[in-house]
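Reproduced below: model-v6.txt, with compact mmCIF, C-alpha atoms.
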# COMPACT_ATOMS: atom_id res chain seq x y z
CA MET A 1 -130.67 -152.52 46.89
CA GLY A 2 -133.76 -151.07 45.18
CA THR A 3 -136.03 -152.43 47.91
CA ASP A 4 -133.79 -151.06 50.67
CA LEU A 5 -133.69 -147.68 49.01
CA PHE A 6 -137.46 -147.61 48.66
CA GLU A 7 -137.88 -148.68 52.29
CA ASN A 8 -135.55 -145.92 53.53
CA LEU A 9 -137.32 -143.27 51.48
CA ARG A 10 -140.73 -144.60 52.55
CA LEU A 11 -139.76 -144.38 56.23
CA GLU A 12 -138.45 -140.87 55.70
CA LEU A 13 -141.70 -139.86 54.03
CA ARG A 14 -143.81 -141.50 56.76
CA ARG A 15 -142.00 -139.98 59.71
CA GLY A 16 -143.59 -136.53 59.56
CA ALA A 17 -146.92 -137.88 58.37
CA LEU A 18 -147.20 -140.15 61.44
CA THR A 19 -146.73 -137.22 63.78
CA LEU A 20 -149.46 -135.36 61.95
CA ALA A 21 -151.80 -138.38 62.05
CA VAL A 22 -151.24 -138.90 65.79
CA LEU A 23 -151.85 -135.24 66.59
CA ALA A 24 -154.95 -135.16 64.38
CA HIS A 25 -156.39 -138.24 66.12
CA LEU A 26 -155.85 -136.82 69.55
CA HIS A 27 -158.51 -134.16 69.15
CA ARG A 28 -160.38 -136.91 70.94
CA GLU A 29 -158.92 -138.53 74.04
CA HIS A 30 -157.27 -141.93 73.53
CA TYR A 31 -154.96 -144.26 75.40
CA GLY A 32 -152.12 -145.87 73.53
CA TYR A 33 -153.75 -149.14 72.54
CA THR A 34 -157.01 -147.62 71.24
CA LEU A 35 -155.09 -144.89 69.42
CA ARG A 36 -153.03 -147.51 67.64
CA GLN A 37 -156.16 -149.41 66.68
CA ALA A 38 -157.85 -146.23 65.45
CA LEU A 39 -154.84 -145.38 63.30
CA ASN A 40 -154.73 -148.95 61.95
CA ASP A 41 -158.44 -148.76 61.09
CA GLN A 42 -157.67 -145.63 59.06
CA GLY A 43 -154.90 -147.43 57.16
CA ILE A 44 -151.96 -146.04 59.12
CA ASP A 45 -149.94 -148.95 60.39
CA ILE A 46 -147.82 -147.97 63.38
CA ASP A 47 -146.08 -150.30 65.81
CA GLU A 48 -145.91 -149.84 69.58
CA GLY A 49 -142.18 -149.21 69.50
CA THR A 50 -142.81 -146.12 67.40
CA LEU A 51 -146.10 -144.92 68.86
CA TYR A 52 -145.32 -144.81 72.59
CA PRO A 53 -141.99 -142.99 72.36
CA LEU A 54 -143.64 -140.57 69.88
CA LEU A 55 -146.46 -139.86 72.35
CA ARG A 56 -143.93 -139.15 75.09
CA ARG A 57 -141.88 -136.88 72.85
CA LEU A 58 -144.97 -134.92 71.82
CA GLU A 59 -146.00 -134.62 75.44
CA SER A 60 -142.56 -133.40 76.51
CA GLN A 61 -142.79 -130.79 73.73
CA GLY A 62 -146.03 -129.53 75.24
CA LEU A 63 -148.25 -130.65 72.35
CA LEU A 64 -150.10 -133.33 74.33
CA LEU A 65 -151.55 -133.66 77.82
CA SER A 66 -151.83 -137.01 79.57
CA GLU A 67 -153.37 -138.48 82.70
CA TRP A 68 -153.54 -141.90 84.29
CA ARG A 69 -157.10 -143.17 84.84
CA GLU A 70 -158.63 -146.51 85.67
CA GLU A 71 -160.68 -148.18 82.95
CA ASN A 72 -161.75 -151.83 82.76
CA ARG A 73 -160.00 -152.47 86.11
CA ARG A 74 -156.65 -151.34 84.76
CA ASN A 75 -154.75 -148.09 84.90
CA LYS A 76 -154.37 -146.49 81.47
CA ARG A 77 -152.66 -143.38 80.30
CA PHE A 78 -154.97 -141.12 78.30
CA TYR A 79 -153.63 -138.57 75.85
CA ARG A 80 -155.23 -135.52 74.23
CA LEU A 81 -154.10 -132.39 72.41
CA SER A 82 -153.02 -129.41 74.50
CA GLN A 83 -153.90 -125.86 73.47
CA THR A 84 -150.40 -125.47 71.98
CA GLY A 85 -150.88 -128.82 70.23
CA LYS A 86 -154.10 -127.56 68.62
CA THR A 87 -152.38 -124.42 67.30
CA ILE A 88 -149.37 -126.34 66.00
CA LEU A 89 -151.63 -128.95 64.41
CA GLU A 90 -153.50 -126.23 62.51
CA GLN A 91 -150.19 -124.82 61.23
CA LEU A 92 -148.90 -128.25 60.28
CA LEU A 93 -152.10 -129.11 58.44
CA ALA A 94 -151.91 -125.84 56.49
CA GLU A 95 -148.32 -126.71 55.55
CA TRP A 96 -149.33 -130.26 54.63
CA ARG A 97 -152.12 -128.98 52.33
CA ARG A 98 -149.76 -126.47 50.73
CA ILE A 99 -147.15 -129.16 50.01
CA ASN A 100 -149.87 -131.50 48.74
CA SER A 101 -151.30 -128.97 46.29
CA SER A 102 -147.80 -128.02 45.10
CA LEU A 103 -146.99 -131.67 44.56
CA ASP A 104 -150.24 -132.16 42.66
CA ARG A 105 -149.38 -129.25 40.36
CA ILE A 106 -145.86 -130.63 39.80
CA LEU A 107 -147.25 -134.08 38.99
CA GLN A 108 -149.82 -132.64 36.56
CA GLU A 109 -147.09 -130.75 34.73
CA ALA A 110 -144.80 -133.79 34.60
CA MET B 1 -148.64 -163.74 82.62
CA GLU B 2 -145.26 -164.87 83.85
CA LEU B 3 -143.64 -164.16 80.47
CA LEU B 4 -144.99 -160.60 80.51
CA ASP B 5 -143.40 -159.92 83.91
CA ARG B 6 -140.06 -161.24 82.70
CA TYR B 7 -140.33 -159.13 79.56
CA LEU B 8 -141.24 -155.96 81.46
CA ASN B 9 -138.41 -156.54 83.94
CA ALA B 10 -135.96 -156.80 81.05
CA VAL B 11 -137.29 -153.59 79.48
CA LYS B 12 -137.21 -151.77 82.81
CA LYS B 13 -133.51 -152.46 83.35
CA SER B 14 -132.58 -150.43 80.26
CA LEU B 15 -134.92 -147.49 80.84
CA PRO B 16 -133.99 -144.10 82.33
CA LYS B 17 -134.56 -144.46 86.12
CA ALA B 18 -136.92 -141.51 86.50
CA GLN B 19 -139.37 -142.87 83.92
CA GLN B 20 -139.06 -146.63 84.49
CA ASP B 21 -142.37 -147.26 86.32
CA ASP B 22 -144.37 -144.93 84.11
CA ILE B 23 -143.15 -146.42 80.82
CA VAL B 24 -143.38 -150.02 82.02
CA ALA B 25 -146.98 -149.46 83.21
CA GLU B 26 -147.94 -148.11 79.79
CA ILE B 27 -146.25 -150.93 77.86
CA SER B 28 -147.81 -153.46 80.24
CA ASP B 29 -151.28 -152.06 79.62
CA SER B 30 -150.75 -152.09 75.87
CA ILE B 31 -149.60 -155.73 75.82
CA GLN B 32 -152.37 -156.86 78.15
CA SER B 33 -155.01 -155.05 76.07
CA GLU B 34 -153.75 -156.74 72.93
CA ALA B 35 -153.59 -160.13 74.64
CA GLU B 36 -157.17 -159.71 75.88
CA ASP B 37 -158.35 -158.77 72.39
CA LYS B 38 -156.69 -161.84 70.88
CA ALA B 39 -158.07 -164.10 73.63
CA ALA B 40 -161.59 -162.70 73.05
CA LYS B 41 -161.31 -163.44 69.32
CA LEU B 42 -160.05 -166.99 69.97
CA GLY B 43 -162.63 -167.61 72.74
CA ARG B 44 -159.90 -168.98 75.05
CA PRO B 45 -156.85 -167.76 76.96
CA LEU B 46 -153.59 -167.45 74.98
CA THR B 47 -151.20 -170.39 75.14
CA ARG B 48 -147.64 -169.86 76.36
CA ASP B 49 -146.37 -169.97 72.77
CA GLU B 50 -148.93 -167.37 71.66
CA GLU B 51 -147.90 -165.14 74.59
CA ALA B 52 -144.27 -165.53 73.58
CA ALA B 53 -145.11 -164.65 69.94
CA LEU B 54 -147.00 -161.55 71.09
CA LEU B 55 -144.09 -160.38 73.23
CA LYS B 56 -141.66 -161.08 70.41
CA SER B 57 -143.70 -158.85 68.11
CA TYR B 58 -143.01 -155.95 70.51
CA GLY B 59 -139.28 -156.30 69.93
CA HIS B 60 -136.15 -157.06 71.98
CA PRO B 61 -136.44 -155.49 75.47
CA ARG B 62 -133.23 -153.49 75.05
CA LEU B 63 -134.38 -152.16 71.67
CA VAL B 64 -137.80 -151.20 73.07
CA ALA B 65 -136.15 -149.37 75.96
CA SER B 66 -133.64 -147.65 73.69
CA ARG B 67 -136.46 -145.87 71.84
CA TYR B 68 -137.24 -143.93 75.01
CA GLY B 69 -133.68 -142.65 75.39
CA SER B 70 -133.01 -139.06 74.40
CA GLN B 71 -129.75 -139.79 72.55
CA GLN B 72 -129.59 -142.75 70.18
CA TYR B 73 -126.08 -142.21 68.88
CA LEU B 74 -122.63 -141.35 70.18
CA ILE B 75 -121.71 -138.97 67.36
CA GLY B 76 -124.54 -137.42 65.38
CA PRO B 77 -124.81 -136.28 61.77
CA THR B 78 -123.63 -132.74 62.61
CA PHE B 79 -120.27 -133.88 63.92
CA LEU B 80 -119.77 -137.03 61.86
CA PRO B 81 -117.99 -135.39 58.85
CA PHE B 82 -115.65 -133.51 61.23
CA TYR B 83 -115.11 -136.70 63.23
CA TRP B 84 -113.95 -138.70 60.18
CA TYR B 85 -111.76 -135.86 58.98
CA THR B 86 -110.08 -135.41 62.39
CA MET B 87 -109.68 -139.15 62.78
CA ARG B 88 -107.94 -139.49 59.41
CA VAL B 89 -105.55 -136.58 60.00
CA THR B 90 -104.78 -137.53 63.62
CA LEU B 91 -104.05 -141.14 62.65
CA ILE B 92 -101.65 -140.08 59.89
CA ILE B 93 -99.77 -137.66 62.17
CA ALA B 94 -99.70 -140.09 65.13
CA LEU B 95 -98.44 -143.07 63.14
CA ILE B 96 -95.76 -141.15 61.22
CA SER B 97 -94.60 -139.33 64.38
CA ALA B 98 -94.52 -142.56 66.41
CA PHE B 99 -92.28 -144.15 63.83
CA PHE B 100 -89.79 -141.30 63.59
CA LEU B 101 -89.76 -140.36 67.28
CA SER B 102 -88.99 -143.96 68.03
CA SER B 103 -86.23 -144.06 65.40
CA MET B 104 -84.65 -140.89 66.84
CA PHE B 105 -84.18 -142.44 70.23
CA THR B 106 -83.54 -146.05 69.35
CA GLY B 107 -80.80 -145.56 66.82
CA GLY B 108 -81.95 -145.93 63.26
CA ALA B 109 -85.18 -146.39 61.44
CA LEU B 110 -84.66 -150.09 60.88
CA ALA B 111 -84.20 -150.78 64.58
CA SER B 112 -87.38 -148.91 65.41
CA LEU B 113 -89.42 -150.55 62.68
CA GLY B 114 -90.06 -153.67 64.74
CA ARG B 115 -90.82 -151.66 67.84
CA VAL B 116 -93.24 -149.34 66.03
CA TRP B 117 -94.88 -152.28 64.29
CA GLY B 118 -95.38 -153.90 67.68
CA SER B 119 -97.04 -150.83 69.12
CA LEU B 120 -98.82 -149.89 65.89
CA TRP B 121 -102.15 -151.31 67.00
CA THR B 122 -101.86 -149.70 70.43
CA THR B 123 -101.26 -146.29 68.81
CA PHE B 124 -104.08 -146.96 66.35
CA PHE B 125 -106.66 -147.82 69.02
CA LEU B 126 -105.47 -145.07 71.38
CA VAL B 127 -106.01 -142.44 68.69
CA ILE B 128 -109.42 -143.88 67.74
CA GLY B 129 -110.46 -143.95 71.41
CA PHE B 130 -109.21 -140.46 72.14
CA VAL B 131 -110.79 -138.81 69.09
CA THR B 132 -114.07 -140.66 69.67
CA VAL B 133 -114.26 -139.58 73.32
CA VAL B 134 -113.55 -135.94 72.39
CA PHE B 135 -116.30 -135.92 69.75
CA ALA B 136 -118.75 -137.77 72.00
CA VAL B 137 -118.24 -135.03 74.63
CA LEU B 138 -118.77 -132.31 71.98
CA GLU B 139 -121.95 -134.07 70.83
CA TYR B 140 -123.19 -134.34 74.41
CA VAL B 141 -122.47 -130.67 75.16
CA GLN B 142 -124.24 -129.58 71.98
CA ARG B 143 -127.32 -131.74 72.66
CA ARG B 144 -127.49 -131.19 76.40
CA PHE B 145 -126.88 -127.46 76.52
CA GLY B 146 -127.77 -126.48 72.95
CA ARG B 147 -124.43 -124.73 72.59
CA ASP B 148 -122.71 -124.36 69.29
CA VAL B 149 -119.28 -125.84 69.92
CA GLY B 150 -117.64 -124.54 66.78
CA VAL B 151 -119.55 -126.02 63.84
CA GLY B 152 -121.44 -122.76 63.29
CA ALA B 153 -118.29 -120.65 63.61
CA TRP B 154 -117.27 -120.45 59.99
CA ASP B 155 -117.15 -117.60 57.53
CA PRO B 156 -117.64 -117.97 53.76
CA ARG B 157 -115.08 -115.18 53.29
CA LYS B 158 -112.41 -117.38 54.88
CA LEU B 159 -112.87 -120.31 52.49
CA PRO B 160 -109.91 -120.95 50.15
CA VAL B 161 -109.78 -118.71 47.08
CA SER B 162 -109.06 -121.64 44.76
CA ASP B 163 -107.89 -125.24 44.88
CA ARG B 164 -104.36 -124.05 44.13
CA SER B 165 -104.16 -122.43 47.58
CA VAL B 166 -104.96 -125.76 49.29
CA VAL B 167 -101.98 -127.93 50.24
CA PRO B 168 -102.66 -131.50 49.07
CA TYR B 169 -102.56 -134.21 51.76
CA SER B 170 -99.94 -136.10 49.78
CA GLN B 171 -97.62 -133.07 49.84
CA SER B 172 -98.04 -132.49 53.59
CA ILE B 173 -97.45 -136.17 54.35
CA ALA B 174 -94.38 -136.36 52.09
CA GLU B 175 -92.90 -133.19 53.64
CA LEU B 176 -93.58 -134.47 57.15
CA ILE B 177 -91.86 -137.79 56.40
CA ILE B 178 -88.81 -136.10 54.82
CA ASN B 179 -88.58 -133.64 57.72
CA LEU B 180 -88.78 -136.28 60.42
CA ALA B 181 -86.39 -138.55 58.54
CA PHE B 182 -83.85 -135.71 58.34
CA MET B 183 -84.31 -134.98 62.06
CA ALA B 184 -83.86 -138.66 62.92
CA TRP B 185 -80.73 -138.78 60.83
CA LEU B 186 -79.32 -135.61 62.44
CA ILE B 187 -79.95 -136.77 65.99
CA ASN B 188 -78.08 -139.99 65.29
CA LEU B 189 -75.10 -138.10 63.89
CA PRO B 190 -72.00 -139.07 65.98
CA TRP B 191 -69.29 -136.47 66.48
CA THR B 192 -66.48 -138.71 65.43
CA ARG B 193 -63.93 -138.58 62.69
CA HIS B 194 -66.53 -140.36 60.55
CA ALA B 195 -68.87 -137.42 60.73
CA LEU B 196 -68.15 -136.50 57.16
CA PHE B 197 -69.24 -139.97 56.08
CA TYR B 198 -72.37 -139.46 58.14
CA LEU B 199 -73.12 -136.26 56.30
CA THR B 200 -73.10 -138.16 53.03
CA MET B 201 -74.00 -141.72 53.95
CA GLY B 202 -75.96 -141.63 57.23
CA PRO B 203 -75.82 -144.52 59.75
CA VAL B 204 -73.98 -146.79 57.26
CA ALA B 205 -70.87 -144.78 58.15
CA ASN B 206 -70.66 -146.59 61.50
CA GLU B 207 -68.20 -148.88 59.74
CA PRO B 208 -64.66 -148.05 60.89
CA PHE B 209 -63.38 -146.40 57.72
CA ASP B 210 -59.84 -145.13 57.73
CA TRP B 211 -60.74 -141.62 56.72
CA PRO B 212 -58.23 -138.78 57.22
CA PHE B 213 -60.70 -135.86 57.18
CA HIS B 214 -62.90 -134.16 59.81
CA VAL B 215 -65.81 -131.79 59.38
CA SER B 216 -64.91 -128.46 60.96
CA ALA B 217 -66.47 -127.15 64.19
CA ILE B 218 -68.82 -124.84 62.28
CA TRP B 219 -71.03 -127.82 61.39
CA GLN B 220 -71.54 -128.68 65.06
CA GLN B 221 -72.59 -125.09 65.81
CA ALA B 222 -75.09 -125.18 62.94
CA ILE B 223 -76.73 -128.48 63.88
CA LEU B 224 -78.85 -127.24 66.82
CA PRO B 225 -80.55 -124.31 64.99
CA LEU B 226 -80.97 -126.57 61.96
CA PHE B 227 -82.70 -129.18 64.12
CA ALA B 228 -84.94 -126.53 65.70
CA LEU B 229 -86.00 -125.21 62.29
CA LEU B 230 -86.76 -128.74 61.08
CA ALA B 231 -88.91 -129.30 64.17
CA VAL B 232 -90.87 -126.09 63.49
CA ASN B 233 -91.26 -127.16 59.87
CA ALA B 234 -92.60 -130.57 60.98
CA ILE B 235 -95.18 -128.79 63.16
CA LEU B 236 -96.14 -126.66 60.17
CA ASN B 237 -96.63 -129.86 58.10
CA CYS B 238 -98.98 -131.18 60.78
CA VAL B 239 -100.93 -127.90 60.75
CA ASN B 240 -101.16 -128.19 56.94
CA LEU B 241 -102.81 -131.57 57.38
CA VAL B 242 -105.40 -130.12 59.74
CA ARG B 243 -105.88 -126.85 57.84
CA PRO B 244 -104.87 -127.45 54.21
CA ASP B 245 -106.66 -124.22 53.25
CA TRP B 246 -104.50 -122.13 55.59
CA PHE B 247 -102.91 -119.78 53.09
CA THR B 248 -101.43 -116.40 54.03
CA LEU B 249 -99.97 -117.18 57.45
CA ARG B 250 -98.68 -120.52 56.17
CA ALA B 251 -96.85 -118.81 53.31
CA TYR B 252 -95.23 -116.29 55.67
CA LEU B 253 -94.23 -118.98 58.16
CA HIS B 254 -92.81 -121.24 55.45
CA ALA B 255 -90.86 -118.32 54.01
CA ALA B 256 -89.57 -117.45 57.50
CA ILE B 257 -88.40 -121.03 58.10
CA ASN B 258 -86.58 -121.07 54.76
CA ALA B 259 -85.05 -117.69 55.56
CA GLY B 260 -83.77 -119.36 58.75
CA PHE B 261 -82.23 -122.19 56.68
CA LEU B 262 -80.65 -119.56 54.43
CA VAL B 263 -79.04 -117.79 57.41
CA ILE B 264 -77.61 -121.11 58.63
CA VAL B 265 -76.18 -121.90 55.18
CA LEU B 266 -74.62 -118.42 54.93
CA PHE B 267 -73.18 -118.88 58.43
CA ILE B 268 -71.59 -122.16 57.28
CA LEU B 269 -70.29 -120.58 54.09
CA ALA B 270 -68.67 -117.76 56.07
CA ALA B 271 -66.44 -120.27 57.92
CA HIS B 272 -62.76 -120.43 57.02
CA ASN B 273 -62.74 -124.24 56.68
CA LEU B 274 -65.57 -126.68 56.18
CA VAL B 275 -63.32 -129.77 56.01
CA VAL B 276 -60.13 -130.26 58.01
CA ILE B 277 -57.45 -132.96 58.08
CA SER B 278 -57.52 -135.21 61.13
CA PRO B 279 -54.78 -134.20 63.66
CA SER B 280 -53.62 -137.83 63.93
CA VAL B 281 -52.76 -137.94 60.23
CA GLN B 282 -49.66 -136.49 58.66
CA HIS B 283 -50.55 -133.39 56.56
CA THR B 284 -49.13 -134.21 53.16
CA VAL B 285 -49.47 -132.00 50.08
CA HIS B 286 -51.68 -134.66 48.54
CA LEU B 287 -54.06 -134.70 51.56
CA LEU B 288 -54.14 -130.90 51.66
CA ALA B 289 -55.22 -130.85 48.01
CA GLN B 290 -57.91 -133.46 48.71
CA ALA B 291 -59.18 -131.49 51.73
CA LYS B 292 -59.32 -128.37 49.60
CA GLY B 293 -61.34 -130.22 46.96
CA LEU B 294 -63.79 -131.56 49.57
CA ASP B 295 -64.07 -128.08 51.06
CA ALA B 296 -64.97 -126.66 47.62
CA LEU B 297 -67.51 -129.45 47.10
CA ALA B 298 -69.14 -128.69 50.46
CA ARG B 299 -69.23 -124.97 49.64
CA TRP B 300 -70.85 -125.51 46.25
CA THR B 301 -73.41 -127.83 47.84
CA ALA B 302 -74.18 -125.22 50.53
CA ALA B 303 -74.38 -122.49 47.87
CA GLY B 304 -76.81 -124.68 45.88
CA TRP B 305 -78.91 -125.09 49.00
CA ALA B 306 -78.90 -121.30 49.50
CA ILE B 307 -80.16 -120.79 45.94
CA VAL B 308 -82.92 -123.40 46.43
CA ASP B 309 -83.90 -121.59 49.67
CA LEU B 310 -84.15 -118.27 47.85
CA ILE B 311 -86.36 -119.82 45.15
CA VAL B 312 -88.62 -121.40 47.80
CA ILE B 313 -88.95 -118.07 49.65
CA TYR B 314 -89.85 -116.36 46.38
CA CYS B 315 -92.45 -119.06 45.53
CA ASP B 316 -93.93 -118.74 49.04
CA LEU B 317 -94.30 -114.99 49.02
CA ARG B 318 -95.20 -114.31 45.39
CA PRO B 319 -98.86 -115.50 45.45
CA VAL B 320 -99.49 -113.81 48.81
CA LEU B 321 -98.10 -110.50 47.64
CA LYS B 322 -100.00 -110.83 44.35
CA MET B 323 -103.26 -111.46 46.18
CA ARG B 324 -102.58 -108.53 48.49
CA LYS B 325 -102.02 -106.26 45.50
CA GLN B 326 -105.25 -107.47 43.85
CA ARG B 327 -107.18 -106.75 47.04
CA GLN B 328 -105.71 -103.25 47.26
CA LEU B 329 -106.69 -102.60 43.63
CA ALA B 330 -110.21 -103.96 44.22
CA HIS B 331 -110.50 -101.84 47.37
CA ALA B 332 -109.34 -98.74 45.49
CA ALA B 333 -111.81 -99.46 42.66
CA ASN B 334 -114.68 -99.81 45.15
CA GLY B 335 -113.62 -96.55 46.76
CA PHE B 336 -113.91 -94.72 43.43
CA ALA B 337 -117.19 -96.36 42.46
Written as structure tokens, how would this file's structure read?
Amino acid sequence: MGTDLFENLRLELRRGALTLAVLAHLHREHYGYTLRQALNDQGIDIDEGTLYPLLRRLESQGLLLSEWREENRRNKRFYRLSQTGKTILEQLLAEWRRINSSLDRILQEA
Amino acid sequence: MELLDRYLNAVKKSLPKAQQDDIVAEISDSIQSEAEDKAAKLGRPLTRDEEAALLKSYGHPRLVASRYGSQQYLIGPTFLPFYWYTMRVTLIIALISAFFLSSMFTGGALASLGRVWGSLWTTFFLVIGFVTVVFAVLEYVQRRFGRDVGVGAWDPRKLPVSDRSVVPYSQSIAELIINLAFMAWLINLPWTRHALFYLTMGPVANEPFDWPFHVSAIWQQAILPLFALLAVNAILNCVNLVRPDWFTLRAYLHAAINAGFLVIVLFILAAHNLVVISPSVQHTVHLLAQAKGLDALARWTAAGWAIVDLIVIYCDLRPVLKMRKQRQLAHAANGFA
């Protein structure tokens, strides 16, 4: 019960943070597999079943651009931030920092 | 990789047609990249078991494909509370109505019990299916076209003033059952010399009693309007289940129905005779006295009903009129402020 509750709350907390992490990483162009590895290297564990649908959703929302290109004799889909994506990312990061500093203050008072 | 092709085929089947090739190509590249990385680390190609384990780590093909769908649920969190509420109310109304409608046309509640029990599950699943389809359509319309299909159309000023103005479910259900039972009983009332027994004992009176009295014709004339009013009252009970907070209009309608009952009772009381002696029986002084006594009993019962009706009308209208007066006073006070 306690573990399930923690897991649900953890997933809820992670959901928005993952979007932010993916957008932040796509300042540089990546294809899905290398993006996942890069996120893993930074300590953000994300499975394929979450990452690829998220990339598609962000692209359909106009935050990402993608193109198919051949690399290492295989076609790969490369993603990067669109202009709208850059603007939204800046706004989201500002919000993230604001929440973070508020939370820090709350925790210091507690 | 034969296993990879089988896996991708299985994923492809469950994907939206327009995106199938694109998504499959991307998943394929991801799996192959990972397989190549693992093979490079091991210094040899992956075995069939290792390939299978890798594919398994990606998840069941149907589950993988489902993550690309736009809608993951039939009824979403916006509609779910309304869905459960509607389901509960509709099931109560459908099951109670099925029972009594059946008893009205099959001659007695006991006879219909078996029939209703037999079709209980059919009614149950029909209602569940119907309500689910309606809400799934509402959910689809809201998601597909972004239209508010009623959830946003509420006004804080129309919420109930207090809990006292909300009709409890138990009350609505009890009233509905009593109403339908009375209607079922009336519709089974035979116009025979045993009608008087029916008025007091219901279907048990089918036994061939040697009873020398008849109810007078006035009762027959009153039955149809009485039945109509009971039907309207049953509809009002159903509305109470759906809108227990419905206050002003409900009070007026309930008062109007009871006023209708009052008119019928007065109409009955105005009749010369309520009980008559059967023409086939010799009119003795003793029988005449008995008929007179029964007539008086029927009149007192009807008069009692009239008084109850008046009390109910008063109870219906009093809070509404009181609230109206309070509003007028508040309005006047605001005007002066």
Please provide as a PyMOL selection string all residues within 12 Å of Ile44 (chain A), with the sequence filter that same-chain residues fewer than 5 positions apart are discarded (counting only C-alpha atoms). chain A and resi 14-15+17-22+25+35-39+51
For chain B, which residue out of A:Thr3, A:Thr34, A:Asn40, A:Gln91 is the nearest one, using all atoms listed in the file? A:Thr34
Axis-aligned box for region 33-49 of chain B, 4 Å per side, centre and edges in Å as JSON:
{"center_x": -154.5, "center_y": -162.7, "center_z": 73.1, "size_x": 24.3, "size_y": 23.3, "size_z": 15.6}
With all atoms listed in the file as the counted atoms, please give the residues lying no more than 12 Å from Ala174 (chain B), apart from itself and same-chain residues fewer than 2 positions off, as an MDAnalysis selection string. chainID B and resid 92:93 96 167:172 176:181 234 237:238 240:241
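Relative to CA of Leu42 (chain B), CA of Ser57 (chain B) is found at 18.4 Å.
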Using only C-alpha atoms and a cut-off of 8 Å, which residues of chain A sit close to chain B? Please list them as a PyMOL selection string. chain A and resi 32-33+47-50+53+74-77
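Counting from CA of Leu46 (chain B), the distance to CA of Asn9 (chain B) is 20.7 Å.
As for CA of Glu59 (chain A) and CA of Arg80 (chain A), they are spaced 9.4 Å apart.
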Using all atoms listed in the file - which residues lie no farther than 10 Å from the point (-149.2, -132.3, 76.7) in the file's frame? Write them as a PyMOL selection string. chain A and resi 55-67+79-85
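Of the residues under consideration (A:Glu71, A:Leu54, A:Gly16, A:Gln108), A:Gly16 shows the shortest atom-to-atom contact distance to Glu95 (chain A) when counting only C-alpha atoms.
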Nearest-residue call for Arg28 (chain A), choices A:Lys86, A:Glu70, A:Ala110, A:Glu12, using all atoms listed in the file: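 Checking each of A:Lys86, A:Glu70, A:Ala110, A:Glu12 against Arg28 (chain A), counting all atoms listed in the file, the winner is A:Lys86.
Counting only C-alpha atoms, the residue from B:Val263, B:Ala306, B:Leu95, B:Ala251 that sits nearest to Leu321 (chain B) is B:Ala251.
Counting only C-alpha atoms, the residue from A:Asp41, A:Ala24, A:Asn72, A:Tyr31 that sits nearest to Leu89 (chain A) is A:Ala24.
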